[in-house]
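J.: What follows is a single structure, and I will ask about it in a moment.
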Amino acid sequence: QVQLVESGGGLVQPGGSLILSCTASGNLFSINTMGWFRQAPGKQRELVATITNIGYTNYAASVKGRFTISRDNAKNMVYLQMNSLKPEDTAVYYCYRRQAPRDDYWGQGTQVTVSP
C-alpha cells in the first residue's frame with residue numbers, strides 16, 4: 001500500500017501564490033508518476049499536472065505557464081507551485097501516484113480557495 005499526504009492549501013487572493021506539497025510513503029516503486037488533480041464543487045475531478053520519476057511533465061492547458069510541478073525523488077515528495085491564481089482555480093487538490101503494474105493512489109485532498 002501507498003499513503004499520500006498533502007499540505008499547503010489555504011485561502012489566497014487572486015494573483016497570489018501557493019505551494020502544495022505531497023509526501024508518499026509505504027510500498028514505493030522507483031518507476032512511477034506523481035501529480036495533482038483537482039475537483040471544484042459540482043465538477044468532475046480533472047488533471048492539473050503530472051511528473052514522471054525521470055522528470056517528464058504534463059500540464060492542463062488552463063494552468064500551463066502559471067503552475068509548476070516538481071519532485072524530490074530522495075524525499076518521495078512532489079510539489080505544485082501555483083502562481084497568478086484565479087478564482088476558477090478554487091478546488092480541492094488531490095495528490096496522485098501511479099506505479100506498476102497500474103496501481104493508482106490518492107491523497108485525502110487539500111482545499112485551495114482563491115477569493116478577494
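Residue numbering restarts at 1 for every chain of the C-alpha cells, chains are lettered A, B, ... in their displayed order, and ligands are numbered from 1 as they appear.
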Name the residues of segment 14-54 of chain A that come out as strand (DSSP E) in a backbone DSSP run; write them as a ChimeraX atom specification.

T.: /A:18-26,32-39,46-52

J.: Taking 6 positions as the minimum chain separation for residues in the same chain, which residues sit within 7 Å of Tyr93 of chain A when counting only C-alpha atoms? Answer as an NGL selection string.

T.: :A and (36-39 or 109-112)

J.: Please produce, as a tab-separated table, a per-residue contact table for segment 25-93 of chain A versus segment 7-15 of chain A (criterion: any atom at most 8 Å away, only C-alpha atoms considered), showing the nearest atom pair and its distance in Å to one decimal, sorted by chain then residue number.

T.:
```
residue	atom	partner	partner_atom	distance
A:Asn83	CA	A:Gly15	CA	7.0
A:Ser84	CA	A:Gly15	CA	4.1
A:Leu85	CA	A:Gly15	CA	4.9
A:Lys86	CA	A:Pro14	CA	5.1
A:Pro87	CA	A:Pro14	CA	6.4
```

J.: Using C-alpha atoms, can you write the selected residues to a file as a tab-separated table (two decimals), in the first residue's frame?

T.:
```tsv
chain	number	residue	atom	x	y	z
A	83	ASN	CA	1.28	31.47	-9.31
A	84	SER	CA	-1.14	34.05	-10.67
A	85	LEU	CA	-4.01	32.23	-9.03
A	86	LYS	CA	-7.53	32.85	-10.30
A	87	PRO	CA	-10.91	32.31	-8.63
```

J.: Counting only C-alpha atoms, what is within 10 Å of Thr57 of chain A, bar same-chain residues fewer than 4 positions away, as an MDAnalysis selection string?

T.: chainID A and resid 33:35 49:53 68:70

J.: One decimal, Å: what's the distance from atom CA of Gly65 of chain A over to atom CA of Gly107 of chain A, could you say?

T.: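 These atoms are spaced 24.9 Å apart.
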
J.: Can you tell me which residues surround Gln81 of chain A at a distance of at most 8 Å, considering only C-alpha atoms, apart from same-chain residues fewer than 6 positions away, and format the answer as a list in words?

T.: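 Counting only the stated atoms, we get Ser17, Leu18, Ile19, Leu20, Phe67, Thr68 and Ile69 of chain A.
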
J.: Once you have the residues from the selection above, write them out as a PDB file, in the first residue's frame, restricted to all heavy atoms.

T.:
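After the write, part03.pdb holds the following:
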```
ATOM      1  N   SER A  17       0.016  33.463  -4.763  1.00  0.00           N
ATOM      2  CA  SER A  17       0.721  32.205  -4.984  1.00  0.00           C
ATOM      3  C   SER A  17       0.552  31.272  -3.793  1.00  0.00           C
ATOM      4  O   SER A  17       0.356  31.722  -2.659  1.00  0.00           O
ATOM      5  CB  SER A  17       2.221  32.462  -5.188  1.00  0.00           C
ATOM      6  OG  SER A  17       2.468  33.259  -6.321  1.00  0.00           O
ATOM      7  N   LEU A  18       0.634  29.975  -4.082  1.00  0.00           N
ATOM      8  CA  LEU A  18       0.632  28.937  -3.052  1.00  0.00           C
ATOM      9  C   LEU A  18       1.536  27.816  -3.524  1.00  0.00           C
ATOM     10  O   LEU A  18       1.709  27.608  -4.733  1.00  0.00           O
ATOM     11  CB  LEU A  18      -0.761  28.371  -2.821  1.00  0.00           C
ATOM     12  CG  LEU A  18      -1.749  29.089  -1.909  1.00  0.00           C
ATOM     13  CD1 LEU A  18      -3.087  28.359  -1.918  1.00  0.00           C
ATOM     14  CD2 LEU A  18      -1.209  29.214  -0.497  1.00  0.00           C
ATOM     15  N   ILE A  19       2.084  27.079  -2.571  1.00  0.00           N
ATOM     16  CA  ILE A  19       2.844  25.865  -2.887  1.00  0.00           C
ATOM     17  C   ILE A  19       2.180  24.690  -2.182  1.00  0.00           C
ATOM     18  O   ILE A  19       1.976  24.732  -0.963  1.00  0.00           O
ATOM     19  CB  ILE A  19       4.308  25.974  -2.445  1.00  0.00           C
ATOM     20  CG1 ILE A  19       5.005  27.144  -3.115  1.00  0.00           C
ATOM     21  CG2 ILE A  19       5.055  24.674  -2.764  1.00  0.00           C
ATOM     22  CD1 ILE A  19       6.428  27.358  -2.631  1.00  0.00           C
ATOM     23  N   LEU A  20       1.840  23.667  -2.944  1.00  0.00           N
ATOM     24  CA  LEU A  20       1.326  22.428  -2.382  1.00  0.00           C
ATOM     25  C   LEU A  20       2.453  21.401  -2.330  1.00  0.00           C
ATOM     26  O   LEU A  20       3.294  21.346  -3.230  1.00  0.00           O
ATOM     27  CB  LEU A  20       0.178  21.876  -3.214  1.00  0.00           C
ATOM     28  CG  LEU A  20      -1.023  22.792  -3.447  1.00  0.00           C
ATOM     29  CD1 LEU A  20      -2.096  22.047  -4.242  1.00  0.00           C
ATOM     30  CD2 LEU A  20      -1.581  23.297  -2.138  1.00  0.00           C
ATOM     31  N   PHE A  67       1.438  27.352 -13.266  1.00  0.00           N
ATOM     32  CA  PHE A  67       1.770  26.337 -12.269  1.00  0.00           C
ATOM     33  C   PHE A  67       3.028  25.588 -12.699  1.00  0.00           C
ATOM     34  O   PHE A  67       3.269  25.383 -13.891  1.00  0.00           O
ATOM     35  CB  PHE A  67       0.643  25.322 -12.125  1.00  0.00           C
ATOM     36  CG  PHE A  67      -0.638  25.856 -11.524  1.00  0.00           C
ATOM     37  CD1 PHE A  67      -0.836  27.202 -11.290  1.00  0.00           C
ATOM     38  CD2 PHE A  67      -1.655  24.968 -11.181  1.00  0.00           C
ATOM     39  CE1 PHE A  67      -2.015  27.685 -10.738  1.00  0.00           C
ATOM     40  CE2 PHE A  67      -2.831  25.420 -10.625  1.00  0.00           C
ATOM     41  CZ  PHE A  67      -3.022  26.788 -10.413  1.00  0.00           C
ATOM     42  N   THR A  68       3.798  25.164 -11.707  1.00  0.00           N
ATOM     43  CA  THR A  68       4.992  24.365 -11.970  1.00  0.00           C
ATOM     44  C   THR A  68       5.019  23.169 -11.037  1.00  0.00           C
ATOM     45  O   THR A  68       4.916  23.325  -9.816  1.00  0.00           O
ATOM     46  CB  THR A  68       6.273  25.190 -11.758  1.00  0.00           C
ATOM     47  OG1 THR A  68       6.258  26.335 -12.614  1.00  0.00           O
ATOM     48  CG2 THR A  68       7.507  24.347 -12.083  1.00  0.00           C
ATOM     49  N   ILE A  69       5.148  21.982 -11.626  1.00  0.00           N
ATOM     50  CA  ILE A  69       5.241  20.764 -10.834  1.00  0.00           C
ATOM     51  C   ILE A  69       6.702  20.344 -10.757  1.00  0.00           C
ATOM     52  O   ILE A  69       7.465  20.491 -11.718  1.00  0.00           O
ATOM     53  CB  ILE A  69       4.368  19.638 -11.420  1.00  0.00           C
ATOM     54  CG1 ILE A  69       4.286  18.465 -10.440  1.00  0.00           C
ATOM     55  CG2 ILE A  69       4.861  19.192 -12.784  1.00  0.00           C
ATOM     56  CD1 ILE A  69       3.226  17.424 -10.818  1.00  0.00           C
TER      57      ILE A  69
END
```

J.: Calculate how many Å separate atom CA of Ala60 of chain A from atom CA of Ser25 of chain A, rounding to one decimal.

T.: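 Separating atom CA of Ala60 of chain A from atom CA of Ser25 of chain A is a distance of 26.3 Å.
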
J.: If I take atom CA of Pro116 of chain A and atom CA of Glu88 of chain A, how far is one from the other in Å, to one decimal?

T.: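 Rounded to one decimal, the two atoms are 12.5 Å apart.
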